[in-house]
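Here is the file protein_11.cif (mmCIF, C-alpha atoms).
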data_target
#
loop_
_atom_site.label_atom_id
_atom_site.label_comp_id
_atom_site.auth_asym_id
_atom_site.auth_seq_id
_atom_site.Cartn_x
_atom_site.Cartn_y
_atom_site.Cartn_z
CA MET S 1203 31.65 6.98 -27.67
CA PRO S 1204 28.97 5.12 -29.62
CA LYS S 1205 29.38 1.98 -27.52
CA ILE S 1206 28.39 3.76 -24.28
CA ILE S 1207 25.37 5.35 -25.92
CA ASP S 1208 24.36 1.93 -27.18
CA HIS S 1209 24.63 0.46 -23.66
CA ASP S 1210 22.43 3.22 -22.28
CA GLN S 1211 19.87 2.60 -24.99
CA ARG S 1212 19.94 -1.08 -24.21
CA ARG S 1213 19.36 -0.40 -20.51
CA THR S 1214 16.43 1.85 -21.38
CA GLU S 1215 15.00 -0.83 -23.65
CA ILE S 1216 15.31 -3.47 -20.92
CA ILE S 1217 13.49 -1.21 -18.45
CA ASP S 1218 10.79 -0.54 -21.10
CA ILE S 1219 10.29 -4.26 -21.53
CA THR S 1220 10.28 -4.92 -17.78
CA TRP S 1221 7.75 -2.13 -17.23
CA GLN S 1222 5.52 -3.64 -19.91
CA LEU S 1223 5.82 -7.15 -18.42
CA ILE S 1224 5.02 -5.87 -14.91
CA VAL S 1225 2.00 -3.97 -16.24
CA GLU S 1226 0.82 -7.10 -18.08
CA GLY S 1227 1.27 -9.65 -15.34
CA GLY S 1228 2.98 -8.34 -12.22
CA ILE S 1229 6.35 -9.06 -10.74
CA GLU S 1230 6.08 -12.81 -11.26
CA ALA S 1231 5.55 -12.44 -15.00
CA ALA S 1232 8.68 -10.31 -15.34
CA THR S 1233 11.21 -13.15 -15.13
CA MET S 1234 14.79 -12.67 -16.27
CA ARG S 1235 14.05 -15.26 -18.96
CA ASP S 1236 11.00 -13.38 -20.28
CA ILE S 1237 12.77 -10.03 -20.17
CA ALA S 1238 15.76 -11.47 -22.08
CA LYS S 1239 13.47 -13.22 -24.57
CA ARG S 1240 11.47 -10.11 -25.37
CA ALA S 1241 14.66 -8.03 -25.62
CA GLY S 1242 16.13 -10.60 -28.01
CA PHE S 1243 19.01 -11.31 -25.62
CA ALA S 1244 20.56 -14.45 -24.30
CA ASN S 1245 19.96 -14.67 -20.54
CA GLY S 1246 23.71 -14.18 -19.99
CA ALA S 1247 23.78 -11.00 -22.11
CA LEU S 1248 21.00 -9.49 -19.98
CA LYS S 1249 23.18 -9.92 -16.89
CA HIS S 1250 25.79 -7.73 -18.57
CA TYR S 1251 23.38 -4.79 -18.21
CA PHE S 1252 21.65 -5.74 -14.97
CA PRO S 1253 23.27 -8.29 -12.62
CA GLY S 1254 19.95 -9.58 -11.28
CA LYS S 1255 16.21 -9.16 -11.34
CA ASP S 1256 16.25 -6.78 -8.37
CA ASP S 1257 18.42 -4.37 -10.35
CA ILE S 1258 15.95 -4.39 -13.21
CA ILE S 1259 12.95 -4.01 -10.88
CA ARG S 1260 14.72 -1.11 -9.21
CA GLY S 1261 15.25 0.45 -12.65
CA ALA S 1262 11.52 0.14 -13.40
CA TYR S 1263 10.68 1.62 -9.99
CA GLU S 1264 13.05 4.53 -10.57
CA ARG S 1265 11.28 5.21 -13.83
CA ALA S 1266 7.91 5.18 -12.01
CA LEU S 1267 9.37 7.64 -9.50
CA SER S 1268 10.86 9.86 -12.22
CA SER S 1269 7.55 9.88 -14.03
CA ILE S 1270 5.80 11.05 -10.84
CA THR S 1271 8.51 13.65 -10.13
CA GLU S 1272 8.56 14.97 -13.70
CA GLN S 1273 4.80 15.25 -13.70
CA LEU S 1274 4.89 17.08 -10.35
CA GLN S 1275 7.74 19.48 -11.18
CA PRO S 1276 5.90 22.03 -13.39
CA HIS S 1277 3.10 22.23 -10.79
CA ILE S 1278 5.36 23.13 -7.85
CA GLU S 1279 7.85 25.23 -9.86
CA GLY S 1280 8.42 28.48 -7.98
CA LEU S 1281 5.96 27.63 -5.21
CA THR S 1282 6.77 27.68 -1.50
CA GLY S 1283 4.92 27.10 1.76
CA LEU S 1284 1.24 26.22 1.73
CA ALA S 1285 0.86 26.57 -2.05
CA ALA S 1286 3.66 24.04 -2.59
CA ILE S 1287 2.10 21.63 -0.05
CA ARG S 1288 -1.27 21.84 -1.75
CA ALA S 1289 0.16 21.41 -5.28
CA ALA S 1290 2.39 18.49 -4.25
CA MET S 1291 -0.51 16.73 -2.50
CA ILE S 1292 -2.78 17.08 -5.54
CA HIS S 1293 -0.26 16.22 -8.25
CA THR S 1294 0.93 13.01 -6.60
CA LEU S 1295 -2.60 11.61 -6.34
CA PRO S 1296 -3.48 8.66 -8.61
CA LEU S 1297 -5.84 10.62 -10.88
CA THR S 1298 -5.08 9.41 -14.42
CA ALA S 1299 -4.77 5.98 -16.07
CA ASP S 1300 -0.99 6.58 -16.40
CA ASP S 1301 -0.80 7.32 -12.65
CA VAL S 1302 -2.52 4.02 -11.89
CA THR S 1303 -0.13 2.19 -14.25
CA ALA S 1304 2.83 3.71 -12.40
CA ALA S 1305 1.11 2.71 -9.14
CA ARG S 1306 0.92 -0.91 -10.37
CA VAL S 1307 4.66 -0.93 -11.02
CA LEU S 1308 5.21 0.68 -7.61
CA LEU S 1309 3.10 -2.01 -5.91
CA SER S 1310 5.12 -4.75 -7.60
CA TYR S 1311 8.30 -3.05 -6.47
CA LEU S 1312 7.04 -2.70 -2.89
CA GLU S 1313 6.14 -6.38 -2.76
CA ARG S 1314 9.69 -7.13 -3.83
CA CYS S 1315 11.02 -4.64 -1.23
CA ALA S 1316 9.17 -6.41 1.54
CA PHE S 1317 11.35 -9.48 1.10
CA ASN S 1318 14.63 -7.88 0.11
CA PRO S 1319 16.29 -5.74 2.80
CA GLY S 1320 18.49 -3.92 0.24
CA LEU S 1321 15.57 -2.65 -1.81
CA ASP S 1322 13.72 -1.82 1.39
CA GLN S 1323 16.34 0.73 2.35
CA HIS S 1324 15.95 2.23 -1.10
CA TYR S 1325 12.23 2.92 -0.66
CA GLY S 1326 12.79 4.14 2.89
CA SER S 1327 15.19 6.78 1.53
CA HIS S 1328 12.57 7.93 -0.93
CA VAL S 1329 9.98 8.32 1.86
CA GLN S 1330 12.59 10.20 3.92
CA ASN S 1331 13.26 12.68 1.07
CA TRP S 1332 9.57 13.03 0.39
CA LYS S 1333 8.99 13.89 4.07
CA ALA S 1334 11.92 16.34 4.03
CA GLY S 1335 10.27 18.26 1.16
CA TYR S 1336 7.01 18.66 3.07
CA ARG S 1337 8.93 19.52 6.27
CA GLU S 1338 10.63 22.43 4.53
CA TRP S 1339 7.39 23.70 2.97
CA LEU S 1340 5.67 23.48 6.38
CA ARG S 1341 8.52 25.47 7.92
CA GLN S 1342 8.11 28.14 5.23
CA ALA S 1343 4.34 28.14 5.67
CA ARG S 1344 4.58 28.54 9.46
CA GLN S 1345 7.10 31.36 9.05
CA ALA S 1346 4.77 33.11 6.60
CA GLY S 1347 1.87 32.71 9.02
CA GLU S 1348 -0.03 30.50 6.55
CA VAL S 1349 -0.12 27.50 8.87
CA LEU S 1350 -1.63 28.05 12.32
CA THR S 1351 -2.57 24.55 13.49
CA SER S 1352 -1.07 23.42 16.79
CA VAL S 1353 -0.73 19.87 15.45
CA ASP S 1354 2.89 18.72 15.34
CA ASP S 1355 4.56 18.90 11.92
CA GLU S 1356 5.67 15.25 12.05
CA LEU S 1357 2.06 14.15 12.55
CA LEU S 1358 0.97 16.26 9.59
CA ILE S 1359 3.79 14.98 7.36
CA SER S 1360 3.07 11.34 8.24
CA GLU S 1361 -0.58 11.96 7.50
CA ILE S 1362 0.23 13.36 4.04
CA ILE S 1363 2.44 10.37 3.20
CA GLN S 1364 0.05 7.72 4.57
CA MET S 1365 -2.93 9.28 2.78
CA ASN S 1366 -0.98 9.28 -0.49
CA VAL S 1367 0.36 5.72 -0.14
CA GLY S 1368 -3.11 4.50 0.85
CA ALA S 1369 -4.78 6.21 -2.13
CA THR S 1370 -2.08 4.90 -4.49
CA ILE S 1371 -2.46 1.28 -3.35
CA LEU S 1372 -6.26 1.45 -3.32
CA SER S 1373 -6.32 2.94 -6.84
CA VAL S 1374 -4.74 -0.33 -8.01
CA VAL S 1375 -6.46 -2.97 -5.87
CA ALA S 1376 -9.85 -1.43 -5.01
CA ALA S 1377 -10.34 1.18 -7.76
CA GLU S 1378 -14.12 1.29 -7.28
CA GLN S 1379 -13.57 2.34 -3.63
CA ILE S 1380 -11.54 5.39 -4.66
CA ASP S 1381 -13.23 8.57 -5.89
CA THR S 1382 -11.32 11.43 -7.49
CA GLU S 1383 -13.67 14.06 -6.04
CA VAL S 1384 -13.19 12.61 -2.54
CA LEU S 1385 -9.39 12.61 -2.92
CA LEU S 1386 -9.38 16.25 -4.06
CA SER S 1387 -11.77 17.29 -1.27
CA GLN S 1388 -9.49 15.58 1.26
CA VAL S 1389 -6.63 17.83 0.11
CA ASP S 1390 -8.86 20.93 0.41
CA ARG S 1391 -9.92 19.91 3.91
CA PHE S 1392 -6.34 19.18 4.95
CA VAL S 1393 -5.14 22.59 3.70
CA GLU S 1394 -8.06 24.27 5.53
CA ARG S 1395 -7.13 22.46 8.74
CA LEU S 1396 -3.54 23.69 8.48
CA GLN S 1397 -4.87 27.27 8.44
CA GLN S 1398 -7.06 26.79 11.53
CA THR S 1399 -5.89 27.20 15.11
CA CYS S 1400 -8.09 24.45 16.51
CA MET C 1226 -16.69 -38.28 8.82
CA PRO C 1227 -12.95 -38.63 9.38
CA LYS C 1228 -12.14 -38.05 5.69
CA ILE C 1229 -13.72 -34.57 5.64
CA ILE C 1230 -11.94 -33.55 8.82
CA ASP C 1231 -8.70 -34.76 7.26
CA HIS C 1232 -9.30 -32.60 4.17
CA ASP C 1233 -9.89 -29.53 6.30
CA GLN C 1234 -6.72 -30.22 8.23
CA ARG C 1235 -4.83 -30.59 4.97
CA ARG C 1236 -6.16 -27.26 3.71
CA THR C 1237 -5.12 -25.60 6.95
CA GLU C 1238 -1.66 -27.16 6.68
CA ILE C 1239 -1.29 -25.94 3.09
CA ILE C 1240 -2.24 -22.41 4.14
CA ASP C 1241 0.24 -22.62 7.04
CA ILE C 1242 3.00 -23.60 4.65
CA THR C 1243 2.04 -20.91 2.12
CA TRP C 1244 1.97 -18.27 4.87
CA GLN C 1245 5.43 -19.34 5.98
CA LEU C 1246 6.79 -19.29 2.41
CA ILE C 1247 5.33 -15.81 1.77
CA VAL C 1248 6.83 -14.54 5.03
CA GLU C 1249 10.20 -16.03 4.09
CA GLY C 1250 10.42 -14.87 0.49
CA GLY C 1251 7.28 -13.18 -0.81
CA ILE C 1252 4.79 -14.27 -3.40
CA GLU C 1253 7.43 -15.45 -5.85
CA ALA C 1254 8.92 -17.89 -3.34
CA ALA C 1255 5.53 -19.46 -2.68
CA THR C 1256 5.35 -21.55 -5.87
CA MET C 1257 2.90 -24.44 -6.20
CA ARG C 1258 5.96 -26.70 -6.44
CA ASP C 1259 7.50 -25.40 -3.19
CA ILE C 1260 4.19 -25.53 -1.35
CA ALA C 1261 3.61 -29.12 -2.51
CA LYS C 1262 7.18 -30.09 -1.66
CA ARG C 1263 7.04 -28.72 1.86
CA ALA C 1264 3.60 -30.29 2.41
CA GLY C 1265 4.97 -33.64 1.22
CA PHE C 1266 2.45 -33.73 -1.65
CA ALA C 1267 2.78 -34.45 -5.33
CA ASN C 1268 1.97 -31.29 -7.29
CA GLY C 1269 -1.18 -32.99 -8.57
CA ALA C 1270 -2.39 -33.85 -5.06
CA LEU C 1271 -2.07 -30.18 -4.04
CA LYS C 1272 -4.48 -29.24 -6.82
CA HIS C 1273 -7.05 -31.54 -5.21
CA TYR C 1274 -7.21 -29.06 -2.30
CA PHE C 1275 -6.61 -25.80 -4.14
CA PRO C 1276 -7.09 -25.63 -7.93
CA GLY C 1277 -4.45 -22.93 -8.41
CA LYS C 1278 -1.99 -20.65 -6.71
CA ASP C 1279 -4.51 -17.80 -6.52
CA ASP C 1280 -6.80 -20.00 -4.42
CA ILE C 1281 -3.97 -20.70 -1.99
CA ILE C 1282 -2.92 -17.04 -1.87
CA ARG C 1283 -6.52 -16.09 -1.21
CA GLY C 1284 -6.58 -18.63 1.64
CA ALA C 1285 -3.47 -17.04 3.16
CA TYR C 1286 -4.98 -13.57 2.77
CA GLU C 1287 -8.22 -14.69 4.41
CA ARG C 1288 -6.18 -15.95 7.32
CA ALA C 1289 -4.42 -12.54 7.55
CA LEU C 1290 -7.83 -10.89 7.54
CA SER C 1291 -9.25 -13.30 10.15
CA SER C 1292 -6.24 -12.67 12.34
CA ILE C 1293 -6.84 -8.89 12.15
CA THR C 1294 -10.59 -9.31 12.75
CA GLU C 1295 -10.13 -11.73 15.65
CA GLN C 1296 -7.62 -9.40 17.23
CA LEU C 1297 -9.98 -6.44 16.79
CA GLN C 1298 -13.15 -8.17 18.01
CA PRO C 1299 -12.57 -8.10 21.81
CA HIS C 1300 -11.62 -4.40 21.59
CA ILE C 1301 -14.84 -3.28 19.87
CA GLU C 1302 -17.15 -5.77 21.65
CA GLY C 1303 -20.18 -3.86 22.91
CA LEU C 1304 -18.91 -0.48 21.65
CA THR C 1305 -20.86 1.87 19.40
CA GLY C 1306 -20.37 5.31 17.86
CA LEU C 1307 -17.20 7.26 18.55
CA ALA C 1308 -15.78 4.70 20.99
CA ALA C 1309 -16.06 1.98 18.33
CA ILE C 1310 -14.43 4.21 15.69
CA ARG C 1311 -11.53 4.98 18.00
CA ALA C 1312 -11.01 1.35 19.05
CA ALA C 1313 -11.24 0.05 15.47
CA MET C 1314 -8.73 2.65 14.25
CA ILE C 1315 -6.23 1.80 16.98
CA HIS C 1316 -6.54 -1.97 16.88
CA THR C 1317 -6.07 -2.26 13.11
CA LEU C 1318 -2.79 -0.29 13.19
CA PRO C 1319 0.41 -2.25 12.48
CA LEU C 1320 1.75 -2.06 16.04
CA THR C 1321 3.22 -5.50 16.77
CA ALA C 1322 5.64 -7.83 14.95
CA ASP C 1323 2.70 -10.17 14.22
CA ASP C 1324 0.76 -7.27 12.67
CA VAL C 1325 3.70 -6.51 10.39
CA THR C 1326 3.94 -10.19 9.41
CA ALA C 1327 0.24 -10.17 8.49
CA ALA C 1328 0.90 -6.92 6.59
CA ARG C 1329 3.64 -8.66 4.58
CA VAL C 1330 1.22 -11.39 3.56
CA LEU C 1331 -1.37 -8.73 2.73
CA LEU C 1332 1.14 -6.84 0.54
CA SER C 1333 1.94 -10.04 -1.36
CA TYR C 1334 -1.75 -10.65 -1.82
CA LEU C 1335 -2.37 -7.09 -3.03
CA GLU C 1336 0.43 -7.38 -5.58
CA ARG C 1337 -1.27 -10.51 -6.85
CA CYS C 1338 -4.65 -8.71 -6.86
CA ALA C 1339 -3.26 -5.93 -9.03
CA PHE C 1340 -2.83 -8.36 -11.90
CA ASN C 1341 -5.78 -10.66 -11.35
CA PRO C 1342 -9.23 -9.07 -11.77
CA GLY C 1343 -10.96 -11.87 -9.80
CA LEU C 1344 -8.87 -11.37 -6.68
CA ASP C 1345 -9.20 -7.61 -7.09
CA GLN C 1346 -12.97 -7.81 -6.64
CA HIS C 1347 -12.34 -9.81 -3.50
CA TYR C 1348 -10.25 -7.08 -1.83
CA GLY C 1349 -12.65 -4.39 -3.06
CA SER C 1350 -15.48 -6.19 -1.19
CA HIS C 1351 -13.40 -6.21 1.96
CA VAL C 1352 -12.81 -2.44 1.71
CA GLN C 1353 -16.53 -1.94 1.07
CA ASN C 1354 -17.46 -3.89 4.24
CA TRP C 1355 -14.78 -2.10 6.21
CA LYS C 1356 -16.21 1.26 5.09
CA ALA C 1357 -19.77 0.10 5.92
CA GLY C 1358 -18.70 -0.60 9.52
CA TYR C 1359 -17.31 2.91 9.98
CA ARG C 1360 -20.35 4.40 8.20
CA GLU C 1361 -22.68 2.79 10.75
CA TRP C 1362 -20.54 3.87 13.72
CA LEU C 1363 -20.41 7.43 12.35
CA ARG C 1364 -24.21 7.42 12.01
CA GLN C 1365 -24.53 6.28 15.62
CA ALA C 1366 -22.00 8.88 16.75
CA ARG C 1367 -23.77 11.73 14.94
CA GLN C 1368 -27.11 10.62 16.37
CA ALA C 1369 -25.60 10.60 19.89
CA GLY C 1370 -24.15 14.08 19.32
CA GLU C 1371 -20.59 12.78 19.67
CA VAL C 1372 -19.57 13.81 16.16
CA LEU C 1373 -20.06 17.47 15.27
CA THR C 1374 -17.74 18.04 12.31
CA SER C 1375 -19.32 19.36 9.13
CA VAL C 1376 -16.97 17.23 7.04
CA ASP C 1377 -18.83 14.69 4.91
CA ASP C 1378 -18.87 11.14 6.28
CA GLU C 1379 -17.54 9.65 3.02
CA LEU C 1380 -14.48 11.91 3.25
CA LEU C 1381 -13.89 10.83 6.83
CA ILE C 1382 -14.33 7.14 6.04
CA SER C 1383 -11.97 7.31 3.05
CA GLU C 1384 -9.45 9.10 5.25
CA ILE C 1385 -9.61 6.33 7.89
CA ILE C 1386 -9.12 3.61 5.25
CA GLN C 1387 -6.30 5.40 3.38
CA MET C 1388 -4.47 6.22 6.62
CA ASN C 1389 -4.68 2.58 7.67
CA VAL C 1390 -3.64 1.13 4.29
CA GLY C 1391 -0.78 3.66 4.08
CA ALA C 1392 0.48 2.82 7.59
CA THR C 1393 0.18 -0.93 6.90
CA ILE C 1394 2.20 -0.76 3.67
CA LEU C 1395 4.82 1.59 5.16
CA SER C 1396 5.23 -0.67 8.22
CA VAL C 1397 6.49 -3.33 5.80
CA VAL C 1398 8.52 -1.37 3.25
CA ALA C 1399 9.71 1.70 5.18
CA ALA C 1400 9.49 0.59 8.82
CA GLU C 1401 11.95 3.26 10.01
CA GLN C 1402 9.61 5.94 8.64
CA ILE C 1403 6.71 4.73 10.80
CA ASP C 1404 6.46 5.62 14.47
CA THR C 1405 3.96 4.00 16.83
CA GLU C 1406 3.55 7.18 18.88
CA VAL C 1407 2.81 9.18 15.73
CA LEU C 1408 0.23 6.61 14.57
CA LEU C 1409 -1.55 6.67 17.94
CA SER C 1410 -1.46 10.48 18.09
CA GLN C 1411 -2.98 10.60 14.61
CA VAL C 1412 -5.97 8.59 15.89
CA ASP C 1413 -6.32 10.94 18.90
CA ARG C 1414 -6.23 13.98 16.62
CA PHE C 1415 -8.73 12.43 14.21
CA VAL C 1416 -11.18 11.65 17.03
CA GLU C 1417 -10.76 15.20 18.38
CA ARG C 1418 -11.51 16.61 14.94
CA LEU C 1419 -14.71 14.59 14.71
CA GLN C 1420 -15.87 16.27 17.92
CA GLN C 1421 -15.15 19.79 16.69
CA THR C 1422 -17.54 21.92 14.66
CA CYS C 1423 -14.82 23.60 12.61
#
Structure re-expressed in structure tokens:
Amino acid sequence: MPKIIDHDQRRTEIIDITWQLIVEGGIEAATMRDIAKRAGFANGALKHYFPGKDDIIRGAYERALSSITEQLQPHIEGLTGLAAIRAAMIHTLPLTADDVTAARVLLSYLERCAFNPGLDQHYGSHVQNWKAGYREWLRQARQAGEVLTSVDDELLISEIIQMNVGATILSVVAAEQIDTEVLLSQVDRFVERLQQTC
Amino acid sequence: MPKIIDHDQRRTEIIDITWQLIVEGGIEAATMRDIAKRAGFANGALKHYFPGKDDIIRGAYERALSSITEQLQPHIEGLTGLAAIRAAMIHTLPLTADDVTAARVLLSYLERCAFNPGLDQHYGSHVQNWKAGYREWLRQARQAGEVLTSVDDELLISEIIQMNVGATILSVVAAEQIDTEVLLSQVDRFVERLQQTC
């Protein structure tokens, strides 16, 4: 089925181009016209692969998410409980230049989400799954006696997510106010707190 | 000097219109053309008040910031140390519909910042000032013996900022994943932790 393979390649190419345009100039720069132009398509042909800009933006966002997930996977492979929590917290921090690039694409996507209820649901689902992962690891950690804090799990999970989203956004828009050592120490302190009864 | 007053009014009107356009459709919807059209200006006349879109966006952002600061001011008036920290943390949370509207404008602004080094500096300065406020309150609180934690102040300050930025962004793009009670409990827990030696 060479035609199907070709379509998939084309989709991948379009996402590549969109990613590049977002990185260069943000969501505004990535117009359907510019994406089509750089891909060597007529505007109409682009719509054959992606009906509208939101579909393309979503594609770019899903790549950003996949890149984060793929990067995380080897670090949490086989881990459970507290070790998994710690590894997941560290390896989703914006530590490298590539992480910050993915964060830029994420920020563009989130801006789009804010004004498009359909996309909004999409990000909400991601946060929900992300929380579910930590919820399960916390359950394992409590069962294993690794987590002793009396603080409610939902408070802890929200804290993990907010800290990560905050660090991600700040790494893009106030990079000089974010320090890698501070981010890593925060994770250490958080893990220590989980192990304390007070 | 009626002419000067008129100019100021015009600027305010333009910011009003931009704010409304951002709230309705995000940064993309707030084009110079649309802003001029709604203000009843020729595109060229708009440039007399604001040279470019970034200047208008910055104006809208500064209004969002003023609105947060004005709202906060009566709550921290006369407070120092731990009481000021607690009040500032609570009264900058995205708790009301107006807060979430301001957060939407902020998100649009941040997306713009991510791809415009000049604006980026601008937000970085805000974060720096915001941190400086907490740094001074923490100093007062330690001096008064209200804060006993051995955790480094810079870690605590970064945590406050990241938690707030994370909650603000999530209130816009994953509202169903944010719970007011959880946000308020997080502040309580944070303040408790400051008072503990462990």
Define the interface residues of chain S facing chain C as those within 9 Å, counting only C-alpha atoms, and report them as a PyMOL selection string. chain S and resi 1224-1230+1306+1309-1310+1312-1319+1321-1327+1329-1330+1353+1356-1358+1360-1372+1374-1380+1384-1385+1387-1388+1391+1395+1398+1400
* Identify which of the residues S:Asp1208, S:Asp1218, S:Glu1272, S:Glu1279 lies closest to Ile1258 (chain S), counting only C-alpha atoms when measuring atom-to-atom distances. =>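 Closest candidate: S:Asp1218.
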Need the shell around Val1372 (chain C): protein/DNA/RNA residues with any atom at most 9 Å away, counting only C-alpha atoms. Skip same-chain ones fewer than 2 positions apart. Format as a short mmCIF file (atom, residue, chain, number, x, y, z; two decimals) with C-alpha atoms, in the frame of the given file?
data_model
loop_
_atom_site.label_atom_id
_atom_site.label_comp_id
_atom_site.auth_asym_id
_atom_site.auth_seq_id
_atom_site.Cartn_x
_atom_site.Cartn_y
_atom_site.Cartn_z
CA GLY C 1306 -20.37 5.31 17.86
CA LEU C 1307 -17.20 7.26 18.55
CA LEU C 1363 -20.41 7.43 12.35
CA ARG C 1364 -24.21 7.42 12.01
CA ALA C 1366 -22.00 8.88 16.75
CA ARG C 1367 -23.77 11.73 14.94
CA GLN C 1368 -27.11 10.62 16.37
CA ALA C 1369 -25.60 10.60 19.89
CA GLY C 1370 -24.15 14.08 19.32
CA THR C 1374 -17.74 18.04 12.31
CA SER C 1375 -19.32 19.36 9.13
CA VAL C 1416 -11.18 11.65 17.03
CA ARG C 1418 -11.51 16.61 14.94
CA LEU C 1419 -14.71 14.59 14.71
CA GLN C 1420 -15.87 16.27 17.92
CA GLN C 1421 -15.15 19.79 16.69
CA THR C 1422 -17.54 21.92 14.66
#
- Query: Got a sec: who's within 6 Å of region 1261-1263 of chain S, counting all atoms listed in the file, leaving out chain neighbours fewer than 3 positions off, as a VMD selection string?
  - Reply: chain S and resid 1217 1221 1258 1266
*Contacts of Asn1245 (chain S) within 12 Å, all atoms listed in the file, excl. fewer than 4 positions in-chain, as an NGL selection string*: :S and (1233-1241 or 1249-1255)
With the input short on atoms, add all heavy atoms back to region 1331-1337 of chain S and write it as a PDB file, keeping the file's coordinate frame.
ATOM      1  N   ASN S1331      13.115  11.455   1.882  1.00  0.00           N
ATOM      2  CA  ASN S1331      13.260  12.680   1.070  1.00  0.00           C
ATOM      3  C   ASN S1331      11.926  13.368   0.850  1.00  0.00           C
ATOM      4  O   ASN S1331      11.828  14.603   0.878  1.00  0.00           O
ATOM      5  CB  ASN S1331      13.855  12.335  -0.311  1.00  0.00           C
ATOM      6  CG  ASN S1331      15.289  11.892  -0.196  1.00  0.00           C
ATOM      7  OD1 ASN S1331      15.979  12.214   0.771  1.00  0.00           O
ATOM      8  ND2 ASN S1331      15.746  11.134  -1.183  1.00  0.00           N
ATOM      9  N   TRP S1332      10.935  12.568   0.630  1.00  0.00           N
ATOM     10  CA  TRP S1332       9.570  13.030   0.390  1.00  0.00           C
ATOM     11  C   TRP S1332       9.105  13.809   1.637  1.00  0.00           C
ATOM     12  O   TRP S1332       8.585  14.924   1.544  1.00  0.00           O
ATOM     13  CB  TRP S1332       8.737  11.786   0.163  1.00  0.00           C
ATOM     14  CG  TRP S1332       7.392  11.925  -0.439  1.00  0.00           C
ATOM     15  CD1 TRP S1332       6.819  13.022  -0.998  1.00  0.00           C
ATOM     16  CD2 TRP S1332       6.427  10.860  -0.546  1.00  0.00           C
ATOM     17  NE1 TRP S1332       5.565  12.705  -1.443  1.00  0.00           N
ATOM     18  CE2 TRP S1332       5.298  11.404  -1.187  1.00  0.00           C
ATOM     19  CE3 TRP S1332       6.409   9.518  -0.171  1.00  0.00           C
ATOM     20  CZ2 TRP S1332       4.152  10.628  -1.449  1.00  0.00           C
ATOM     21  CZ3 TRP S1332       5.288   8.759  -0.429  1.00  0.00           C
ATOM     22  CH2 TRP S1332       4.168   9.304  -1.064  1.00  0.00           C
ATOM     23  N   LYS S1333       9.337  13.224   2.814  1.00  0.00           N
ATOM     24  CA  LYS S1333       8.990  13.890   4.070  1.00  0.00           C
ATOM     25  C   LYS S1333       9.780  15.193   4.227  1.00  0.00           C
ATOM     26  O   LYS S1333       9.237  16.198   4.679  1.00  0.00           O
ATOM     27  CB  LYS S1333       9.328  12.978   5.259  1.00  0.00           C
ATOM     28  CG  LYS S1333       8.336  11.858   5.511  1.00  0.00           C
ATOM     29  CD  LYS S1333       8.729  11.132   6.789  1.00  0.00           C
ATOM     30  CE  LYS S1333       7.691  10.146   7.258  1.00  0.00           C
ATOM     31  NZ  LYS S1333       8.064   9.499   8.529  1.00  0.00           N
ATOM     32  N   ALA S1334      11.067  15.163   3.866  1.00  0.00           N
ATOM     33  CA  ALA S1334      11.920  16.340   4.030  1.00  0.00           C
ATOM     34  C   ALA S1334      11.376  17.521   3.209  1.00  0.00           C
ATOM     35  O   ALA S1334      11.413  18.669   3.657  1.00  0.00           O
ATOM     36  CB  ALA S1334      13.353  16.021   3.630  1.00  0.00           C
ATOM     37  N   GLY S1335      10.865  17.219   2.013  1.00  0.00           N
ATOM     38  CA  GLY S1335      10.270  18.260   1.160  1.00  0.00           C
ATOM     39  C   GLY S1335       9.094  18.928   1.867  1.00  0.00           C
ATOM     40  O   GLY S1335       9.044  20.163   1.988  1.00  0.00           O
ATOM     41  N   TYR S1336       8.177  18.113   2.369  1.00  0.00           N
ATOM     42  CA  TYR S1336       7.010  18.660   3.070  1.00  0.00           C
ATOM     43  C   TYR S1336       7.433  19.391   4.346  1.00  0.00           C
ATOM     44  O   TYR S1336       6.828  20.406   4.734  1.00  0.00           O
ATOM     45  CB  TYR S1336       5.995  17.550   3.400  1.00  0.00           C
ATOM     46  CG  TYR S1336       5.128  17.159   2.227  1.00  0.00           C
ATOM     47  CD1 TYR S1336       5.245  15.906   1.628  1.00  0.00           C
ATOM     48  CD2 TYR S1336       4.181  18.040   1.706  1.00  0.00           C
ATOM     49  CE1 TYR S1336       4.441  15.544   0.537  1.00  0.00           C
ATOM     50  CE2 TYR S1336       3.381  17.691   0.633  1.00  0.00           C
ATOM     51  CZ  TYR S1336       3.514  16.439   0.048  1.00  0.00           C
ATOM     52  OH  TYR S1336       2.718  16.093  -1.017  1.00  0.00           O
ATOM     53  N   ARG S1337       8.455  18.884   5.037  1.00  0.00           N
ATOM     54  CA  ARG S1337       8.930  19.520   6.270  1.00  0.00           C
ATOM     55  C   ARG S1337       9.380  20.956   5.999  1.00  0.00           C
ATOM     56  O   ARG S1337       9.050  21.877   6.732  1.00  0.00           O
ATOM     57  CB  ARG S1337      10.066  18.685   6.878  1.00  0.00           C
ATOM     58  CG  ARG S1337      10.344  18.973   8.339  1.00  0.00           C
ATOM     59  CD  ARG S1337      11.343  17.987   8.931  1.00  0.00           C
ATOM     60  NE  ARG S1337      10.763  16.648   9.075  1.00  0.00           N
ATOM     61  CZ  ARG S1337      11.219  15.537   8.502  1.00  0.00           C
ATOM     62  NH1 ARG S1337      12.307  15.573   7.747  1.00  0.00           N
ATOM     63  NH2 ARG S1337      10.603  14.388   8.696  1.00  0.00           N
TER      64      ARG S1337
END
